[in-house]
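What follows is the content of query-v1.tsv, which has TSV, C-alpha atoms:
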```
chain	number	residue	atom	x	y	z
O	290	MET	CA	-41.55	-17.49	9.47
O	291	GLU	CA	-41.27	-16.47	5.82
O	292	ARG	CA	-40.21	-13.00	4.80
O	293	SER	CA	-42.85	-10.61	3.52
O	294	SER	CA	-42.84	-9.85	-0.19
O	295	ILE	CA	-42.12	-6.32	-1.40
O	296	SER	CA	-45.76	-5.88	-2.45
O	297	GLU	CA	-46.90	-6.64	1.13
O	298	ARG	CA	-44.68	-4.01	2.75
O	299	LEU	CA	-46.26	-1.01	4.35
O	300	PRO	CA	-45.28	2.24	2.63
O	301	GLY	CA	-42.46	4.15	4.27
O	302	GLN	CA	-41.05	1.27	6.29
O	303	ILE	CA	-37.91	2.19	8.24
O	304	TRP	CA	-35.57	-0.43	9.64
O	305	VAL	CA	-33.04	0.32	12.36
O	306	VAL	CA	-29.77	-1.60	12.01
O	307	ALA	CA	-27.37	-1.65	14.96
O	308	ALA	CA	-24.11	-3.52	15.43
O	309	CYS	CA	-23.57	-4.91	18.95
O	310	PHE	CA	-20.34	-5.90	20.69
O	311	ASN	CA	-20.35	-6.52	24.43
O	312	GLU	CA	-23.33	-4.23	25.06
O	313	GLU	CA	-24.95	-6.33	27.79
O	314	ALA	CA	-25.28	-3.35	30.14
O	315	VAL	CA	-27.29	-1.15	27.77
O	316	ILE	CA	-28.81	-3.33	25.06
O	317	CYS	CA	-32.24	-3.72	26.69
O	318	GLN	CA	-32.57	0.01	27.26
O	319	PHE	CA	-31.49	0.59	23.66
O	320	ILE	CA	-34.18	-1.78	22.36
O	321	GLU	CA	-36.86	-0.11	24.49
O	322	ARG	CA	-35.98	3.38	23.27
O	323	VAL	CA	-35.90	2.32	19.62
O	324	LEU	CA	-39.16	0.37	19.74
O	325	ALA	CA	-40.88	3.33	21.41
O	326	LEU	CA	-40.54	5.28	18.14
O	327	PRO	CA	-43.60	4.98	15.85
O	328	GLU	CA	-41.41	5.53	12.77
O	329	VAL	CA	-39.52	2.26	13.32
O	330	SER	CA	-41.06	-0.80	11.68
O	331	HIS	CA	-38.24	-3.26	12.45
O	332	LEU	CA	-35.13	-3.45	14.61
O	333	LEU	CA	-32.22	-5.50	13.27
O	334	LEU	CA	-29.42	-6.21	15.74
O	335	VAL	CA	-26.12	-7.65	14.49
O	336	ASP	CA	-24.06	-9.28	17.22
O	337	ASP	CA	-20.40	-8.98	16.25
O	338	GLY	CA	-19.03	-11.83	18.32
O	339	SER	CA	-19.88	-10.50	21.80
O	340	ARG	CA	-18.18	-12.28	24.68
O	341	ASP	CA	-20.63	-11.20	27.39
O	342	GLY	CA	-24.37	-11.75	27.75
O	343	THR	CA	-25.46	-9.50	24.89
O	344	VAL	CA	-26.96	-12.34	22.83
O	345	ALA	CA	-28.74	-13.78	25.86
O	346	GLN	CA	-30.25	-10.37	26.68
O	347	ILE	CA	-31.53	-9.94	23.12
O	348	ARG	CA	-32.94	-13.47	22.98
O	349	SER	CA	-34.72	-12.89	26.28
O	350	TRP	CA	-36.24	-9.69	24.90
O	351	GLN	CA	-37.40	-11.49	21.77
O	352	GLN	CA	-39.18	-14.08	23.88
O	353	ARG	CA	-40.95	-11.34	25.83
O	354	PHE	CA	-41.88	-9.64	22.56
O	355	VAL	CA	-44.22	-12.48	21.61
O	356	GLY	CA	-47.70	-11.33	22.52
O	357	SER	CA	-46.55	-7.89	23.65
O	358	LYS	CA	-47.85	-4.53	22.41
O	359	ALA	CA	-44.51	-3.46	20.94
O	360	SER	CA	-44.90	-1.88	17.50
O	361	ALA	CA	-41.88	-3.44	15.80
O	362	PRO	CA	-40.29	-6.91	15.77
O	363	VAL	CA	-36.66	-7.54	16.66
O	364	THR	CA	-34.33	-9.70	14.57
O	365	LEU	CA	-30.87	-10.80	15.69
O	366	LEU	CA	-28.08	-11.75	13.29
O	367	GLU	CA	-25.48	-13.64	15.30
O	368	LEU	CA	-22.09	-13.57	13.57
O	369	THR	CA	-19.64	-16.43	14.15
O	370	ARG	CA	-16.93	-14.14	15.56
O	371	ASN	CA	-15.86	-10.52	15.85
O	372	PHE	CA	-15.46	-9.35	12.25
O	373	GLY	CA	-15.41	-5.63	13.06
O	374	LYS	CA	-18.04	-2.92	13.02
O	375	GLU	CA	-17.81	-2.28	9.28
O	376	SER	CA	-18.49	-5.94	8.47
O	377	ALA	CA	-21.32	-6.07	11.00
O	378	MET	CA	-22.99	-3.02	9.45
O	379	LEU	CA	-22.60	-4.58	6.00
O	380	ALA	CA	-24.26	-7.77	7.26
O	381	GLY	CA	-27.19	-5.71	8.49
O	382	LEU	CA	-27.51	-3.83	5.21
O	383	ASP	CA	-27.33	-7.07	3.22
O	384	TYR	CA	-30.15	-8.55	5.29
O	385	ALA	CA	-32.33	-5.43	5.25
O	386	GLN	CA	-31.94	-4.71	1.53
O	387	GLY	CA	-35.18	-5.20	-0.36
O	388	HIS	CA	-37.36	-5.40	2.75
O	389	CYS	CA	-37.69	-1.74	3.70
O	390	ASP	CA	-37.74	1.74	2.22
O	391	ALA	CA	-35.01	3.19	4.43
O	392	VAL	CA	-32.40	2.00	6.93
O	393	VAL	CA	-31.08	3.85	9.98
O	394	LEU	CA	-27.55	2.89	11.03
O	395	ILE	CA	-27.00	3.56	14.73
O	396	ASP	CA	-24.67	2.50	17.54
O	397	SER	CA	-26.26	0.34	20.22
O	398	ASP	CA	-24.30	1.93	23.11
O	399	LEU	CA	-26.82	4.81	23.36
O	400	GLN	CA	-24.24	7.46	22.48
O	401	HIS	CA	-26.44	8.03	19.43
O	402	PRO	CA	-29.85	9.22	20.69
O	403	PRO	CA	-32.54	6.99	19.07
O	404	GLU	CA	-35.08	9.81	19.45
O	405	LEU	CA	-33.34	11.69	16.62
O	406	ILE	CA	-34.72	9.04	14.23
O	407	THR	CA	-38.03	10.91	14.25
O	408	GLN	CA	-36.40	13.99	12.71
O	409	MET	CA	-34.36	11.84	10.34
O	410	ALA	CA	-37.51	10.11	9.10
O	411	GLN	CA	-39.20	13.45	8.48
O	412	ALA	CA	-36.21	14.75	6.50
O	413	TRP	CA	-36.26	11.55	4.43
O	414	ARG	CA	-39.98	11.95	3.70
O	415	ASP	CA	-39.24	15.52	2.62
O	416	GLY	CA	-36.92	14.21	-0.11
O	417	ALA	CA	-33.51	13.56	1.44
O	418	GLU	CA	-31.74	10.44	0.17
O	419	VAL	CA	-29.28	10.40	3.08
O	420	VAL	CA	-29.78	11.99	6.51
O	421	THR	CA	-26.54	12.42	8.43
O	422	ALA	CA	-26.37	13.07	12.17
O	423	VAL	CA	-23.49	15.45	12.99
O	424	ARG	CA	-22.07	15.88	16.50
O	425	ASP	CA	-22.27	19.44	17.80
O	426	ASP	CA	-19.80	21.28	20.03
O	427	ARG	CA	-21.50	19.92	23.16
O	428	ASP	CA	-19.95	16.52	22.57
O	429	GLN	CA	-19.29	14.86	25.94
O	430	GLU	CA	-16.37	12.76	24.69
O	431	SER	CA	-12.89	13.49	26.03
O	432	ARG	CA	-11.13	16.55	24.65
O	433	LEU	CA	-8.31	14.37	23.33
O	434	LYS	CA	-10.66	12.15	21.35
O	435	VAL	CA	-12.59	15.12	19.95
O	436	THR	CA	-9.37	16.91	18.98
O	437	THR	CA	-7.77	13.91	17.28
O	438	SER	CA	-11.02	13.22	15.44
O	439	SER	CA	-11.07	16.80	14.17
O	440	TRP	CA	-7.45	16.49	13.03
O	441	PHE	CA	-8.31	13.36	11.08
O	442	TYR	CA	-11.14	15.07	9.20
O	443	ARG	CA	-8.84	17.96	8.29
O	444	VAL	CA	-6.08	15.67	7.04
O	445	PHE	CA	-8.55	13.50	5.12
O	446	ASN	CA	-10.11	16.47	3.36
O	447	ARG	CA	-6.65	17.77	2.44
O	448	VAL	CA	-5.39	14.56	0.85
O	449	VAL	CA	-8.66	13.38	-0.74
O	450	ASP	CA	-10.07	15.47	-3.55
O	451	SER	CA	-12.94	13.22	-4.71
O	452	ILE	CA	-15.05	13.65	-1.54
O	453	GLN	CA	-15.12	15.82	1.57
O	454	LEU	CA	-16.09	14.59	5.01
O	455	ILE	CA	-18.10	16.65	7.47
O	456	ASP	CA	-16.35	17.05	10.81
O	457	GLY	CA	-18.46	15.25	13.40
O	458	ALA	CA	-20.36	13.04	10.93
O	459	GLY	CA	-20.17	9.38	11.92
O	460	ASP	CA	-22.13	6.22	11.16
O	461	PHE	CA	-25.44	7.51	12.58
O	462	ARG	CA	-27.35	7.99	9.34
O	463	LEU	CA	-30.60	7.26	7.57
O	464	LEU	CA	-30.16	5.70	4.14
O	465	SER	CA	-32.86	5.42	1.51
O	466	ALA	CA	-33.27	2.12	-0.33
O	467	PRO	CA	-31.18	3.17	-3.40
O	468	VAL	CA	-28.31	4.18	-1.10
O	469	VAL	CA	-28.45	0.83	0.69
O	470	GLN	CA	-28.30	-0.94	-2.66
O	471	ALA	CA	-25.30	1.16	-3.71
O	472	LEU	CA	-23.40	0.48	-0.46
O	473	THR	CA	-23.95	-3.28	-0.62
O	474	GLN	CA	-22.56	-3.36	-4.16
O	475	MET	CA	-19.19	-2.08	-2.93
O	476	ARG	CA	-17.48	-5.11	-1.40
O	477	GLU	CA	-13.93	-3.93	-0.74
O	478	PHE	CA	-12.48	-5.50	2.39
O	479	SER	CA	-11.02	-2.34	3.96
O	480	ARG	CA	-14.36	-0.58	4.22
O	481	PHE	CA	-14.64	3.02	5.33
O	482	SER	CA	-18.36	3.81	5.37
O	483	LYS	CA	-17.83	7.46	6.31
O	484	GLY	CA	-16.19	7.88	2.89
O	485	LEU	CA	-18.26	5.38	0.89
O	486	LEU	CA	-21.51	7.20	1.65
O	487	PRO	CA	-20.52	10.63	0.27
O	488	TRP	CA	-18.71	8.88	-2.61
O	489	THR	CA	-22.04	7.50	-3.87
O	490	GLY	CA	-23.15	11.09	-4.54
O	491	TYR	CA	-26.66	10.86	-3.08
O	492	ARG	CA	-28.16	14.01	-1.59
O	493	SER	CA	-27.60	14.38	2.14
O	494	VAL	CA	-29.25	16.46	4.84
O	495	GLU	CA	-27.41	17.09	8.12
O	496	LEU	CA	-28.98	17.10	11.57
O	497	SER	CA	-27.14	18.17	14.71
O	498	TYR	CA	-27.07	16.12	17.91
O	499	SER	CA	-25.13	15.91	21.17
O	500	ARG	CA	-23.11	12.76	21.68
O	501	VAL	CA	-23.19	11.67	25.34
O	502	LYS	CA	-20.88	9.50	27.39
O	503	ARG	CA	-21.40	5.75	27.39
O	504	MET	CA	-24.05	4.61	29.85
O	505	GLY	CA	-22.44	1.21	30.36
O	506	GLY	CA	-19.63	-1.04	29.19
O	507	ARG	CA	-16.59	0.32	27.47
O	508	SER	CA	-15.58	1.15	23.92
O	509	SER	CA	-13.83	-1.53	21.88
O	510	TRP	CA	-12.00	1.15	19.89
O	511	SER	CA	-8.42	1.31	21.16
O	512	PRO	CA	-6.04	4.05	19.95
O	513	LEU	CA	-4.34	1.49	17.71
O	514	LYS	CA	-7.64	0.44	16.13
O	515	LEU	CA	-8.61	4.08	15.58
O	516	TRP	CA	-5.24	4.74	13.95
O	517	SER	CA	-5.67	1.71	11.66
O	518	TYR	CA	-9.22	2.81	10.79
O	519	ALA	CA	-7.98	6.31	9.93
O	520	LEU	CA	-5.35	4.82	7.62
O	521	ASP	CA	-8.04	2.70	5.97
O	522	GLY	CA	-9.99	5.86	5.24
O	523	ILE	CA	-7.07	7.76	3.71
O	524	PHE	CA	-5.54	4.88	1.74
O	525	SER	CA	-8.95	3.79	0.42
O	526	PHE	CA	-9.69	7.12	-1.20
O	527	SER	CA	-6.36	8.72	-2.09
O	528	VAL	CA	-2.98	7.94	-3.69
O	529	ILE	CA	-1.55	11.27	-2.58
O	530	PRO	CA	0.62	9.60	0.11
O	531	LEU	CA	2.45	7.79	-2.69
O	532	LYS	CA	2.85	11.04	-4.61
O	533	ILE	CA	4.12	12.82	-1.50
O	534	TRP	CA	6.93	10.33	-1.00
O	535	SER	CA	7.78	10.44	-4.69
O	536	PHE	CA	8.07	14.21	-4.44
O	537	LEU	CA	10.07	13.93	-1.21
O	538	GLY	CA	12.43	11.46	-2.87
O	539	LEU	CA	12.97	13.91	-5.73
O	540	VAL	CA	13.69	16.76	-3.31
O	541	VAL	CA	16.18	14.66	-1.30
O	542	SER	CA	17.91	13.58	-4.52
O	543	LEU	CA	18.28	17.18	-5.69
O	544	MET	CA	19.62	18.21	-2.28
O	545	SER	CA	22.12	15.34	-2.44
O	546	LEU	CA	23.32	16.45	-5.89
O	547	LEU	CA	23.64	20.02	-4.66
O	548	TYR	CA	25.59	18.88	-1.61
O	549	ALA	CA	27.84	16.73	-3.80
O	550	ALA	CA	28.61	19.75	-5.97
O	551	VAL	CA	29.52	21.78	-2.87
O	552	ILE	CA	31.86	18.99	-1.68
O	553	VAL	CA	33.56	18.87	-5.08
O	554	LEU	CA	34.15	22.62	-5.09
O	555	ILE	CA	35.50	22.57	-1.51
O	556	THR	CA	37.83	19.70	-2.41
O	557	ILE	CA	39.12	21.53	-5.51
O	558	PHE	CA	39.94	24.73	-3.63
O	559	ASN	CA	40.83	23.42	-0.15
O	560	GLY	CA	41.94	19.87	-0.76
O	561	VAL	CA	40.61	16.72	0.91
O	562	ASP	CA	38.97	17.34	4.28
O	563	LEU	CA	38.92	14.24	6.47
O	564	PRO	CA	36.48	15.44	9.19
O	565	GLY	CA	32.80	14.83	8.44
O	566	TYR	CA	32.06	11.42	9.94
O	567	ALA	CA	29.16	12.76	12.04
O	568	SER	CA	27.50	14.53	9.13
O	569	LEU	CA	27.92	11.41	6.99
O	570	ILE	CA	26.21	9.20	9.57
O	571	VAL	CA	23.36	11.71	9.96
O	572	ALA	CA	22.84	11.77	6.20
O	573	VAL	CA	22.86	7.97	5.96
O	574	LEU	CA	20.36	7.59	8.80
O	575	PHE	CA	18.13	10.34	7.38
O	576	LEU	CA	18.03	8.78	3.92
O	577	GLY	CA	17.52	5.32	5.42
O	578	GLY	CA	14.57	6.59	7.44
O	579	ILE	CA	13.05	8.25	4.40
O	580	GLN	CA	13.34	5.02	2.43
O	581	LEU	CA	11.79	2.91	5.19
O	582	ILE	CA	8.84	5.28	5.57
O	583	GLY	CA	8.32	5.26	1.80
O	584	ILE	CA	8.42	1.44	1.76
O	585	GLY	CA	5.92	1.44	4.64
O	586	VAL	CA	3.47	3.66	2.74
O	587	LEU	CA	3.84	1.47	-0.34
O	588	GLY	CA	3.28	-1.60	1.85
O	589	GLU	CA	0.01	-0.17	3.15
O	590	TYR	CA	-1.37	-0.04	-0.39
O	591	ILE	CA	0.04	-3.43	-1.40
O	592	GLY	CA	-1.33	-5.03	1.76
O	593	ARG	CA	-4.83	-3.79	0.98
O	594	ILE	CA	-4.56	-5.04	-2.59
O	595	TYR	CA	-3.44	-8.44	-1.28
O	596	VAL	CA	-6.39	-8.70	1.11
O	597	ASP	CA	-8.92	-7.67	-1.55
O	598	THR	CA	-7.61	-10.12	-4.16
O	599	LYS	CA	-8.40	-13.03	-1.82
O	600	ALA	CA	-12.09	-12.00	-2.00
O	601	ARG	CA	-13.00	-13.63	1.31
O	602	PRO	CA	-16.53	-13.07	2.68
O	603	HIS	CA	-16.84	-10.12	5.05
O	604	TYR	CA	-18.69	-12.17	7.65
O	605	PHE	CA	-20.34	-15.48	8.47
O	606	ILE	CA	-23.69	-15.78	10.23
O	607	ARG	CA	-24.05	-18.44	12.94
O	608	ALA	CA	-27.79	-18.00	13.40
O	609	ILE	CA	-30.70	-15.70	12.63
O	610	HIS	CA	-33.08	-15.29	15.54
O	611	GLY	CA	-36.52	-13.89	14.86
O	612	SER	CA	-36.20	-13.77	11.07
O	613	LEU	CA	-39.00	-12.42	8.91
```

Written as structure tokens, that's how I'd like the structure from this file.
Amino acid sequence: MERSSISERLPGQIWVVAACFNEEAVICQFIERVLALPEVSHLLLVDDGSRDGTVAQIRSWQQRFVGSKASAPVTLLELTRNFGKESAMLAGLDYAQGHCDAVVLIDSDLQHPPELITQMAQAWRDGAEVVTAVRDDRDQESRLKVTTSSWFYRVFNRVVDSIQLIDGAGDFRLLSAPVVQALTQMREFSRFSKGLLPWTGYRSVELSYSRVKRMGGRSSWSPLKLWSYALDGIFSFSVIPLKIWSFLGLVVSLMSLLYAAVIVLITIFNGVDLPGYASLIVAVLFLGGIQLIGIGVLGEYIGRIYVDTKARPHYFIRAIHGSL
């Protein structure tokens, strides 16, 4: 089936783009709730290398869609492997660009309530270029996850001066067509969409919602992955960590010079003092630790430069099921 031309599109078309990874338990319910919304003209699912029956469930739904009374078609982009959520969202934006007037990014695990799309669509029609869903204080996630997330936003906003993130704002957003075009132009490998969106400078309206516990399956975000993602966000938008270690190196050097002067004066007035082995070892270990941490911070930046210079594609698509 050929894609519709821009001139044939209905005015105000909204596509919903959702990345999927091992969502077999909830994907059918997610599709039903999204397609029940009259504002949605198309649902685009991007399977990010699921190892369960997610693809089979979606394909089965597509077969049932033929001849049904559903108001929006469903397209499935099947990636060749698990490239990560950021790459999956980029694949969806690349595919949707030019075929709709706005895109809603949403998680397919039903922690983002699809019914909020109705309010997001209204805010967009009222002139908003970006509509951001922000978690309220009734978030049903664990206290530890909520607290660490809040800490990250505070640290990010302290070390990054070009943009400021809203605590509780995630990937659940409505993007107008110009915003989609802007995001797809930025092809850096270590993507951090939470920062890229405000960096574009488009006007945003915030809507509050309550994030609920997962209805099935389990999250693929381990603490290590969350830590790596947080570093991607900070290192992608700020060089302050480099400046901090430069400043720390200067402070340690001045303290060393001051301590050396004290040792010289003590030696002049009291002679050579042999004790001091413990303090010497502590100083050596402290300075060695400082140097290793500084090298590690520098390595984080160099590693990202190395990955970007290879300019590899963000994803590969195995098949497109139900294309326009």

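Distances here use all atoms listed in the file; by that measure, the residue among O:Gln453, O:Gln318, O:Gln470, O:Ser330 closest to Gly387 of chain O is O:Gln470.
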
May I have the centre and edge lengths, in Å to one decimal, of an axis-aligned box around the listed atoms of segment 535-542 of chain O with 5 Å added to every side, as AutoDock Vina command-line options?
```
--center_x 12.8 --center_y 13.6 --center_z -3.5 --size_x 20.1 --size_y 16.3 --size_z 14.5
```

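Remark: for Leu454 of chain O, the closest of the candidate residues O:Gln346, O:Ser376, O:Thr421, O:Thr437 is O:Thr421 (distances computed over all atoms listed in the file).
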
- O:Asp456, O:Asp337, O:Glu328, O:Asp450: which is nearest Arg414 of chain O, counting all atoms listed in the file? O:Glu328

- Item | Top pick for closest residue to Ala391 of chain O, considering O:Gly578, O:Gly588, O:Pro602, O:Gly301 and counting all atoms listed in the file | O:Gly301

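Residue nearest Val596 of chain O, chosen from O:Leu547, O:Ser479, O:Gly490, O:Leu326 and counting all atoms listed in the file: O:Ser479.
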
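Nearest to Ile523 of chain O of all the residues O:Ile555, O:Ile452, O:Ile606, O:Val501 is O:Ile452, counting all atoms listed in the file.
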
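Between atom CA of Phe372 of chain O and atom CA of Gly459 of chain O lies a distance of 19.3 Å.
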
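Residues in contact range of Phe478 of chain O, defined as at most 8 Å between all atoms listed in the file, with sequence neighbours fewer than 3 positions away removed, read Arg593, Val596, Asp597, Ala600 and His603 of chain O.
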